[in-house]
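S.K.: My structure file final00.txt, compact mmCIF, N, CA and C atoms, is below:
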# COMPACT_ATOMS: atom_id res chain seq x y z
N MET A 1 -24.89 -9.55 -37.72
CA MET A 1 -25.53 -9.47 -36.42
C MET A 1 -24.56 -8.82 -35.43
N ASN A 2 -25.04 -7.82 -34.71
CA ASN A 2 -24.22 -7.13 -33.74
C ASN A 2 -24.07 -7.95 -32.46
N PRO A 3 -22.93 -7.80 -31.79
CA PRO A 3 -22.74 -8.54 -30.54
C PRO A 3 -23.65 -8.01 -29.44
N ARG A 4 -23.92 -8.86 -28.46
CA ARG A 4 -24.77 -8.49 -27.32
C ARG A 4 -23.97 -7.85 -26.20
N PHE A 5 -22.67 -8.20 -26.14
CA PHE A 5 -21.79 -7.64 -25.12
C PHE A 5 -20.36 -7.77 -25.59
N LEU A 6 -19.45 -7.11 -24.88
CA LEU A 6 -18.03 -7.13 -25.20
C LEU A 6 -17.30 -7.93 -24.13
N LEU A 7 -16.32 -8.71 -24.56
CA LEU A 7 -15.52 -9.50 -23.63
C LEU A 7 -14.22 -8.78 -23.31
N ASP A 8 -13.89 -8.67 -22.03
CA ASP A 8 -12.57 -8.21 -21.64
C ASP A 8 -11.58 -9.31 -22.00
N THR A 9 -10.32 -8.96 -22.18
CA THR A 9 -9.32 -9.92 -22.65
C THR A 9 -9.23 -11.15 -21.76
N HIS A 10 -9.20 -10.96 -20.45
CA HIS A 10 -9.06 -12.13 -19.57
C HIS A 10 -10.27 -13.06 -19.67
N ILE A 11 -11.43 -12.53 -20.01
CA ILE A 11 -12.61 -13.38 -20.19
C ILE A 11 -12.44 -14.22 -21.46
N VAL A 12 -11.92 -13.62 -22.51
CA VAL A 12 -11.65 -14.36 -23.75
C VAL A 12 -10.71 -15.53 -23.47
N VAL A 13 -9.61 -15.23 -22.79
CA VAL A 13 -8.60 -16.26 -22.51
C VAL A 13 -9.19 -17.36 -21.64
N ARG A 14 -9.91 -16.98 -20.60
CA ARG A 14 -10.51 -17.99 -19.72
C ARG A 14 -11.54 -18.84 -20.46
N TRP A 15 -12.36 -18.21 -21.27
CA TRP A 15 -13.40 -18.94 -22.00
C TRP A 15 -12.80 -19.96 -22.95
N LEU A 16 -11.71 -19.58 -23.62
CA LEU A 16 -11.12 -20.46 -24.63
C LEU A 16 -10.11 -21.45 -24.07
N SER A 17 -9.59 -21.18 -22.87
CA SER A 17 -8.53 -22.07 -22.38
C SER A 17 -8.78 -22.65 -20.99
N ASP A 18 -9.53 -21.97 -20.14
CA ASP A 18 -9.74 -22.48 -18.78
C ASP A 18 -11.05 -21.92 -18.24
N PHE A 19 -12.16 -22.40 -18.81
CA PHE A 19 -13.48 -21.84 -18.51
C PHE A 19 -13.86 -21.96 -17.03
N ARG A 20 -13.20 -22.85 -16.29
CA ARG A 20 -13.51 -22.99 -14.86
C ARG A 20 -13.19 -21.73 -14.06
N LYS A 21 -12.37 -20.85 -14.63
CA LYS A 21 -12.01 -19.61 -13.94
C LYS A 21 -13.05 -18.50 -14.15
N LEU A 22 -14.06 -18.78 -14.95
CA LEU A 22 -15.13 -17.80 -15.14
C LEU A 22 -16.09 -17.86 -13.95
N SER A 23 -16.69 -16.73 -13.64
CA SER A 23 -17.69 -16.70 -12.58
C SER A 23 -18.94 -17.44 -13.06
N ARG A 24 -19.81 -17.76 -12.14
CA ARG A 24 -21.06 -18.44 -12.49
C ARG A 24 -21.88 -17.58 -13.46
N GLU A 25 -21.95 -16.28 -13.19
CA GLU A 25 -22.72 -15.37 -14.06
C GLU A 25 -22.09 -15.26 -15.44
N GLN A 26 -20.77 -15.17 -15.50
CA GLN A 26 -20.08 -15.10 -16.79
C GLN A 26 -20.34 -16.37 -17.60
N THR A 27 -20.26 -17.51 -16.96
CA THR A 27 -20.53 -18.78 -17.63
C THR A 27 -21.96 -18.83 -18.14
N ARG A 28 -22.90 -18.40 -17.32
CA ARG A 28 -24.31 -18.40 -17.71
C ARG A 28 -24.54 -17.52 -18.94
N VAL A 29 -23.98 -16.32 -18.92
CA VAL A 29 -24.18 -15.37 -20.03
C VAL A 29 -23.54 -15.90 -21.31
N LEU A 30 -22.33 -16.45 -21.21
CA LEU A 30 -21.66 -16.99 -22.40
C LEU A 30 -22.38 -18.23 -22.94
N ASP A 31 -22.80 -19.11 -22.04
CA ASP A 31 -23.55 -20.30 -22.48
C ASP A 31 -24.84 -19.90 -23.20
N GLU A 32 -25.53 -18.91 -22.65
CA GLU A 32 -26.78 -18.45 -23.26
C GLU A 32 -26.52 -17.86 -24.65
N ALA A 33 -25.44 -17.09 -24.79
CA ALA A 33 -25.10 -16.52 -26.09
C ALA A 33 -24.85 -17.61 -27.12
N VAL A 34 -24.09 -18.62 -26.73
CA VAL A 34 -23.79 -19.73 -27.64
C VAL A 34 -25.07 -20.49 -27.99
N ARG A 35 -25.87 -20.78 -26.99
CA ARG A 35 -27.10 -21.54 -27.20
C ARG A 35 -28.05 -20.85 -28.17
N HIS A 36 -28.06 -19.51 -28.14
CA HIS A 36 -28.96 -18.75 -29.01
C HIS A 36 -28.27 -18.23 -30.28
N GLY A 37 -27.03 -18.64 -30.51
CA GLY A 37 -26.32 -18.24 -31.72
C GLY A 37 -26.00 -16.77 -31.78
N ARG A 38 -25.83 -16.14 -30.62
CA ARG A 38 -25.52 -14.71 -30.58
C ARG A 38 -24.02 -14.50 -30.64
N ARG A 39 -23.64 -13.41 -31.25
CA ARG A 39 -22.22 -13.07 -31.34
C ARG A 39 -21.78 -12.29 -30.12
N VAL A 40 -20.50 -12.42 -29.78
CA VAL A 40 -19.91 -11.66 -28.70
C VAL A 40 -18.79 -10.81 -29.27
N GLY A 41 -18.65 -9.60 -28.75
CA GLY A 41 -17.63 -8.69 -29.26
C GLY A 41 -16.30 -8.88 -28.55
N VAL A 42 -15.24 -8.71 -29.32
CA VAL A 42 -13.88 -8.73 -28.79
C VAL A 42 -13.15 -7.54 -29.41
N SER A 43 -12.58 -6.70 -28.57
CA SER A 43 -11.83 -5.56 -29.07
C SER A 43 -10.54 -6.04 -29.74
N ALA A 44 -10.17 -5.39 -30.82
CA ALA A 44 -8.93 -5.75 -31.52
C ALA A 44 -7.72 -5.65 -30.61
N ILE A 45 -7.76 -4.76 -29.62
CA ILE A 45 -6.62 -4.60 -28.70
C ILE A 45 -6.40 -5.88 -27.89
N SER A 46 -7.42 -6.72 -27.77
CA SER A 46 -7.25 -7.98 -27.04
C SER A 46 -6.24 -8.90 -27.71
N PHE A 47 -6.10 -8.83 -29.03
CA PHE A 47 -5.09 -9.63 -29.71
C PHE A 47 -3.70 -9.27 -29.20
N LEU A 48 -3.43 -7.99 -29.05
CA LEU A 48 -2.14 -7.54 -28.53
C LEU A 48 -1.95 -8.00 -27.09
N GLU A 49 -2.97 -7.84 -26.28
CA GLU A 49 -2.87 -8.28 -24.88
C GLU A 49 -2.61 -9.78 -24.79
N ILE A 50 -3.30 -10.56 -25.59
CA ILE A 50 -3.10 -12.01 -25.58
C ILE A 50 -1.68 -12.35 -26.00
N ALA A 51 -1.16 -11.68 -27.02
CA ALA A 51 0.22 -11.91 -27.46
C ALA A 51 1.21 -11.61 -26.34
N LEU A 52 0.97 -10.52 -25.61
CA LEU A 52 1.86 -10.17 -24.50
C LEU A 52 1.74 -11.16 -23.35
N LEU A 53 0.52 -11.61 -23.07
CA LEU A 53 0.33 -12.61 -22.03
C LEU A 53 1.01 -13.93 -22.39
N ALA A 54 1.04 -14.24 -23.67
CA ALA A 54 1.63 -15.51 -24.12
C ALA A 54 3.14 -15.52 -23.92
N GLU A 55 3.76 -14.35 -23.82
CA GLU A 55 5.20 -14.30 -23.55
C GLU A 55 5.52 -14.93 -22.20
N ASP A 56 4.58 -14.84 -21.27
CA ASP A 56 4.73 -15.40 -19.94
C ASP A 56 3.83 -16.64 -19.87
N ARG A 57 4.37 -17.79 -20.10
CA ARG A 57 3.61 -19.04 -20.17
C ARG A 57 2.78 -19.31 -18.92
N LYS A 58 3.15 -18.73 -17.78
CA LYS A 58 2.39 -18.96 -16.55
C LYS A 58 1.06 -18.24 -16.58
N ARG A 59 0.96 -17.18 -17.36
CA ARG A 59 -0.26 -16.37 -17.38
C ARG A 59 -1.27 -16.83 -18.41
N ILE A 60 -0.82 -17.61 -19.38
CA ILE A 60 -1.73 -18.11 -20.41
C ILE A 60 -1.28 -19.51 -20.80
N THR A 61 -2.17 -20.46 -20.61
CA THR A 61 -1.79 -21.85 -20.81
C THR A 61 -2.06 -22.35 -22.22
N ALA A 62 -3.02 -21.77 -22.88
CA ALA A 62 -3.35 -22.20 -24.25
C ALA A 62 -2.30 -21.66 -25.21
N GLY A 63 -2.14 -22.33 -26.32
CA GLY A 63 -1.19 -21.87 -27.32
C GLY A 63 -1.69 -20.61 -28.02
N LEU A 64 -0.77 -19.72 -28.29
CA LEU A 64 -1.11 -18.45 -28.93
C LEU A 64 -1.78 -18.67 -30.28
N ASN A 65 -1.21 -19.54 -31.09
CA ASN A 65 -1.78 -19.78 -32.42
C ASN A 65 -3.20 -20.35 -32.33
N ASP A 66 -3.42 -21.22 -31.36
CA ASP A 66 -4.74 -21.81 -31.18
C ASP A 66 -5.76 -20.75 -30.77
N LEU A 67 -5.40 -19.89 -29.82
CA LEU A 67 -6.31 -18.82 -29.40
C LEU A 67 -6.65 -17.91 -30.56
N PHE A 68 -5.63 -17.49 -31.31
CA PHE A 68 -5.88 -16.59 -32.44
C PHE A 68 -6.72 -17.27 -33.51
N HIS A 69 -6.46 -18.56 -33.74
CA HIS A 69 -7.25 -19.29 -34.73
C HIS A 69 -8.72 -19.33 -34.32
N GLN A 70 -8.98 -19.59 -33.05
CA GLN A 70 -10.36 -19.62 -32.57
C GLN A 70 -11.03 -18.26 -32.73
N LEU A 71 -10.31 -17.20 -32.40
CA LEU A 71 -10.88 -15.86 -32.53
C LEU A 71 -11.13 -15.49 -33.99
N ASP A 72 -10.25 -15.93 -34.86
CA ASP A 72 -10.37 -15.61 -36.29
C ASP A 72 -11.45 -16.43 -37.00
N THR A 73 -11.70 -17.64 -36.55
CA THR A 73 -12.57 -18.53 -37.32
C THR A 73 -13.92 -18.83 -36.69
N ASN A 74 -14.04 -18.67 -35.38
CA ASN A 74 -15.30 -18.99 -34.72
C ASN A 74 -16.31 -17.88 -34.99
N PRO A 75 -17.44 -18.20 -35.60
CA PRO A 75 -18.43 -17.17 -35.94
C PRO A 75 -19.09 -16.52 -34.72
N ALA A 76 -18.86 -17.07 -33.52
CA ALA A 76 -19.42 -16.45 -32.32
C ALA A 76 -18.72 -15.13 -31.97
N PHE A 77 -17.49 -14.98 -32.48
CA PHE A 77 -16.72 -13.78 -32.15
C PHE A 77 -16.84 -12.74 -33.25
N ARG A 78 -17.07 -11.51 -32.85
CA ARG A 78 -17.00 -10.38 -33.77
C ARG A 78 -15.89 -9.46 -33.27
N ILE A 79 -14.83 -9.36 -34.05
CA ILE A 79 -13.70 -8.52 -33.68
C ILE A 79 -14.06 -7.07 -34.00
N LEU A 80 -13.98 -6.21 -33.00
CA LEU A 80 -14.31 -4.80 -33.16
C LEU A 80 -13.01 -4.00 -33.29
N PRO A 81 -12.83 -3.31 -34.42
CA PRO A 81 -11.56 -2.62 -34.68
C PRO A 81 -11.38 -1.38 -33.80
N LEU A 82 -10.14 -0.99 -33.67
CA LEU A 82 -9.82 0.27 -33.00
C LEU A 82 -9.99 1.37 -34.04
N THR A 83 -10.91 2.28 -33.79
CA THR A 83 -11.24 3.34 -34.74
C THR A 83 -10.94 4.70 -34.13
N SER A 84 -11.01 5.73 -34.96
CA SER A 84 -10.80 7.09 -34.44
C SER A 84 -11.88 7.45 -33.43
N GLU A 85 -13.10 6.95 -33.63
CA GLU A 85 -14.17 7.22 -32.67
C GLU A 85 -13.84 6.63 -31.30
N ILE A 86 -13.29 5.43 -31.29
CA ILE A 86 -12.90 4.79 -30.03
C ILE A 86 -11.73 5.55 -29.41
N ALA A 87 -10.77 5.97 -30.21
CA ALA A 87 -9.64 6.75 -29.69
C ALA A 87 -10.11 8.06 -29.07
N LYS A 88 -11.08 8.72 -29.69
CA LYS A 88 -11.64 9.95 -29.11
C LYS A 88 -12.33 9.65 -27.79
N GLU A 89 -13.01 8.52 -27.71
CA GLU A 89 -13.69 8.13 -26.47
C GLU A 89 -12.67 7.86 -25.36
N VAL A 90 -11.53 7.25 -25.71
CA VAL A 90 -10.45 7.03 -24.74
C VAL A 90 -10.02 8.38 -24.17
N ALA A 91 -9.82 9.35 -25.03
CA ALA A 91 -9.38 10.68 -24.58
C ALA A 91 -10.44 11.35 -23.71
N ALA A 92 -11.70 11.15 -24.05
CA ALA A 92 -12.79 11.79 -23.32
C ALA A 92 -13.05 11.17 -21.94
N MET A 93 -12.60 9.94 -21.73
CA MET A 93 -12.87 9.24 -20.47
C MET A 93 -12.07 9.77 -19.30
N GLY A 94 -11.00 10.49 -19.56
CA GLY A 94 -10.16 10.94 -18.46
C GLY A 94 -9.19 9.84 -18.05
N SER A 95 -8.65 9.97 -16.88
CA SER A 95 -7.56 9.07 -16.47
C SER A 95 -7.95 8.12 -15.33
N SER A 96 -9.22 7.80 -15.21
CA SER A 96 -9.62 6.91 -14.12
C SER A 96 -9.07 5.49 -14.31
N LEU A 97 -8.77 5.11 -15.54
CA LEU A 97 -8.10 3.83 -15.82
C LEU A 97 -6.73 4.15 -16.41
N ARG A 98 -5.70 3.51 -15.88
CA ARG A 98 -4.34 3.80 -16.36
C ARG A 98 -3.91 2.88 -17.50
N ASP A 99 -4.36 1.63 -17.47
CA ASP A 99 -3.92 0.67 -18.48
C ASP A 99 -4.50 1.03 -19.84
N PRO A 100 -3.63 1.26 -20.84
CA PRO A 100 -4.13 1.66 -22.16
C PRO A 100 -5.09 0.65 -22.78
N ALA A 101 -4.82 -0.64 -22.63
CA ALA A 101 -5.71 -1.65 -23.21
C ALA A 101 -7.07 -1.63 -22.53
N ASP A 102 -7.09 -1.49 -21.21
CA ASP A 102 -8.37 -1.38 -20.50
C ASP A 102 -9.15 -0.17 -20.99
N ARG A 103 -8.46 0.93 -21.21
CA ARG A 103 -9.12 2.14 -21.68
C ARG A 103 -9.74 1.92 -23.06
N VAL A 104 -9.02 1.24 -23.94
CA VAL A 104 -9.54 0.96 -25.28
C VAL A 104 -10.74 0.02 -25.20
N ILE A 105 -10.67 -1.00 -24.36
CA ILE A 105 -11.77 -1.94 -24.24
C ILE A 105 -13.01 -1.25 -23.69
N VAL A 106 -12.84 -0.43 -22.66
CA VAL A 106 -13.98 0.30 -22.10
C VAL A 106 -14.54 1.28 -23.12
N ALA A 107 -13.67 1.99 -23.83
CA ALA A 107 -14.13 2.93 -24.86
C ALA A 107 -14.87 2.19 -25.97
N THR A 108 -14.41 1.01 -26.33
CA THR A 108 -15.09 0.21 -27.35
C THR A 108 -16.50 -0.14 -26.88
N ALA A 109 -16.61 -0.58 -25.63
CA ALA A 109 -17.93 -0.91 -25.09
C ALA A 109 -18.84 0.32 -25.10
N ARG A 110 -18.29 1.47 -24.77
CA ARG A 110 -19.09 2.70 -24.73
C ARG A 110 -19.54 3.11 -26.13
N VAL A 111 -18.63 3.05 -27.09
CA VAL A 111 -18.97 3.46 -28.47
C VAL A 111 -20.03 2.53 -29.06
N TYR A 112 -19.89 1.25 -28.82
CA TYR A 112 -20.86 0.27 -29.35
C TYR A 112 -22.07 0.09 -28.44
N ARG A 113 -22.05 0.77 -27.29
CA ARG A 113 -23.14 0.68 -26.30
C ARG A 113 -23.39 -0.77 -25.87
N LEU A 114 -22.30 -1.42 -25.48
CA LEU A 114 -22.36 -2.82 -25.05
C LEU A 114 -21.96 -2.94 -23.59
N PRO A 115 -22.61 -3.81 -22.84
CA PRO A 115 -22.09 -4.12 -21.51
C PRO A 115 -20.78 -4.90 -21.66
N LEU A 116 -19.93 -4.79 -20.68
CA LEU A 116 -18.62 -5.43 -20.71
C LEU A 116 -18.59 -6.60 -19.73
N LEU A 117 -18.23 -7.76 -20.22
CA LEU A 117 -18.04 -8.93 -19.37
C LEU A 117 -16.61 -8.87 -18.84
N THR A 118 -16.45 -8.65 -17.53
CA THR A 118 -15.12 -8.48 -16.96
C THR A 118 -15.10 -8.90 -15.50
N SER A 119 -13.91 -9.18 -15.01
CA SER A 119 -13.68 -9.41 -13.58
C SER A 119 -12.71 -8.36 -13.04
N ASP A 120 -12.30 -7.45 -13.88
CA ASP A 120 -11.32 -6.44 -13.50
C ASP A 120 -11.97 -5.41 -12.58
N GLN A 121 -11.60 -5.43 -11.32
CA GLN A 121 -12.23 -4.56 -10.33
C GLN A 121 -11.99 -3.08 -10.61
N ARG A 122 -10.87 -2.74 -11.21
CA ARG A 122 -10.64 -1.32 -11.56
C ARG A 122 -11.69 -0.84 -12.56
N ILE A 123 -12.01 -1.69 -13.52
CA ILE A 123 -13.03 -1.33 -14.51
C ILE A 123 -14.40 -1.30 -13.84
N VAL A 124 -14.70 -2.31 -13.04
CA VAL A 124 -16.00 -2.37 -12.35
C VAL A 124 -16.20 -1.12 -11.51
N GLU A 125 -15.21 -0.76 -10.73
CA GLU A 125 -15.31 0.38 -9.81
C GLU A 125 -15.27 1.73 -10.50
N SER A 126 -14.80 1.75 -11.75
CA SER A 126 -14.71 3.02 -12.47
C SER A 126 -16.10 3.57 -12.84
N ASP A 127 -17.09 2.68 -12.95
CA ASP A 127 -18.45 3.07 -13.37
C ASP A 127 -18.47 3.75 -14.74
N LEU A 128 -17.51 3.43 -15.58
CA LEU A 128 -17.45 4.03 -16.91
C LEU A 128 -18.33 3.30 -17.92
N VAL A 129 -18.68 2.06 -17.59
CA VAL A 129 -19.43 1.23 -18.53
C VAL A 129 -20.22 0.19 -17.73
N PRO A 130 -21.41 -0.19 -18.21
CA PRO A 130 -22.12 -1.28 -17.52
C PRO A 130 -21.32 -2.58 -17.64
N VAL A 131 -21.24 -3.33 -16.54
CA VAL A 131 -20.45 -4.56 -16.55
C VAL A 131 -21.30 -5.75 -16.14
N ILE A 132 -20.85 -6.90 -16.59
CA ILE A 132 -21.38 -8.19 -16.14
C ILE A 132 -20.21 -8.88 -15.48
N GLU A 133 -20.35 -9.11 -14.19
CA GLU A 133 -19.27 -9.76 -13.44
C GLU A 133 -19.54 -11.24 -13.39
Let me see the file written as structure tokens.
M.R.:
Amino acid sequence: MNPRFLLDTHIVVRWLSDFRKLSREQTRVLDEAVRHGRRVGVSAISFLEIALLAEDRKRITAGLNDLFHQLDTNPAFRILPLTSEIAKEVAAMGSSLRDPADRVIVATARVYRLPLLTSDQRIVESDLVPVIE
């Protein structure tokens, strides 16, 4: 089953470790997905971002191993790999986003034609992909 939308890295972390930081709309969409047994997409680059965030304990409170275990074993998550098609999409997007991980996540959403669940205003304002705030 294909995912209904893609999660930005900070949404993954908030959902798994501090769901109170999610917006009302984000909570509603995620709850609905779980209730209906729908899968949500997570870009493989999010694993790297989570590992880097874990270096700074103030930015991520959940344990790294626990987060990775949940992503690896919970059937609600579908990990979407970084492919040559996604890399080409990153190159085609131009430089409106500077962060490489953000570019990969947006390109992944575009390639899979998924809306992106995010709170990142740079991504929202870029208009590169439909977003759910």
S.K.: Using all atoms listed in the file, which of A:Pro130, A:Pro100, A:Glu125, A:Arg24 sits nearest A:Arg113?
M.R.: A:Pro130
S.K.: Please compute the atom N of A:Pro115-atom CA of A:Ile132 distance, one decimal, in Å.
M.R.: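 If I compute the distance from atom N of A:Pro115 to atom CA of A:Ile132, I get 8.1 Å.
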S.K.: Going by DSSP on the backbone, which residues of chain A come out as alpha helix (DSSP H)? List them as an MDAnalysis selection string.
M.R.: chainID A and resid 9:17 24:35 45:55 64:73 84:92 100:112 121:126
S.K.: Residues at most 10 Å from A:Ser46, counting only C-alpha atoms, excluding those fewer than 2 positions away in the same chain, as a ChimeraX atom specification?
M.R.: /A:7-10,12-13,42-44,48-52,79-80,101-102,104-105
S.K.: Let me make sure I understand: among A:Val34, A:Val106, A:Leu97, A:Val111, which one has the smallest atom-to-atom distance to A:Ala76 if we use all atoms listed in the file?
M.R.: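 The answer is A:Val34, which sits nearest to A:Ala76.
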S.K.: I'd like to know which of A:Arg28, A:Phe5, A:Phe47, A:Arg110 is closest to A:Phe68, using all atoms listed in the file.
M.R.: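 The answer is A:Phe47, which sits nearest to A:Phe68.
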S.K.: Enclose stretch 6-17 of chain A, meaning all of its atoms listed in the file, in a box aligned along x, y and z, pad it by 6 Å on each side, and list the centre and edge lengths in Å to one decimal, as AutoDock Vina command-line options.
M.R.:
--center_x -14.0 --center_y -14.9 --center_z -22.4 --size_x 22.9 --size_y 27.5 --size_z 17.6
S.K.: How many Å separate atom CA of A:Ile45 from atom C of A:Gln121?
M.R.: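 For atom CA of A:Ile45 relative to atom C of A:Gln121, the distance reads 18.9 Å.
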S.K.: Identify, on the basis of all atoms listed in the file, every residue whose closest approach to A:Ala87 does not exceed 8 Å; exclude the query and any residue fewer than 4 positions from it along the same chain; express the result as an NGL selection string.
M.R.: :A and (82-83 or 91-93 or 104 or 107-108)
S.K.: Using the chain letters and numbers from this document, which residues of stretch 13-127 of chain A does DSSP assign to strand (DSSP E or B), as a ChimeraX atom specification?
M.R.: /A:40-43,77-80,116-117
S.K.: One decimal, in Å: what's the spacing between atom CA of A:Leu116 and atom CA of A:Gly37?
M.R.: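 Calculated distance between atom CA of A:Leu116 and atom CA of A:Gly37 is 18.6 Å.
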S.K.: Go through A:Asp31, A:Ser96, A:Leu16, A:Ser23 one by one, measure the shortest atom-to-atom distance of each to A:Ile123 using only N, CA and C atoms, and give the residue with the smallest value.
M.R.: A:Ser96
S.K.: Between A:Ala33, A:Ser126, A:Gly41, A:Ala54, which is the closest to A:Phe77 once you count only C-alpha atoms?
M.R.: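 Using only C-alpha atoms, A:Phe77 sits closest to A:Gly41.
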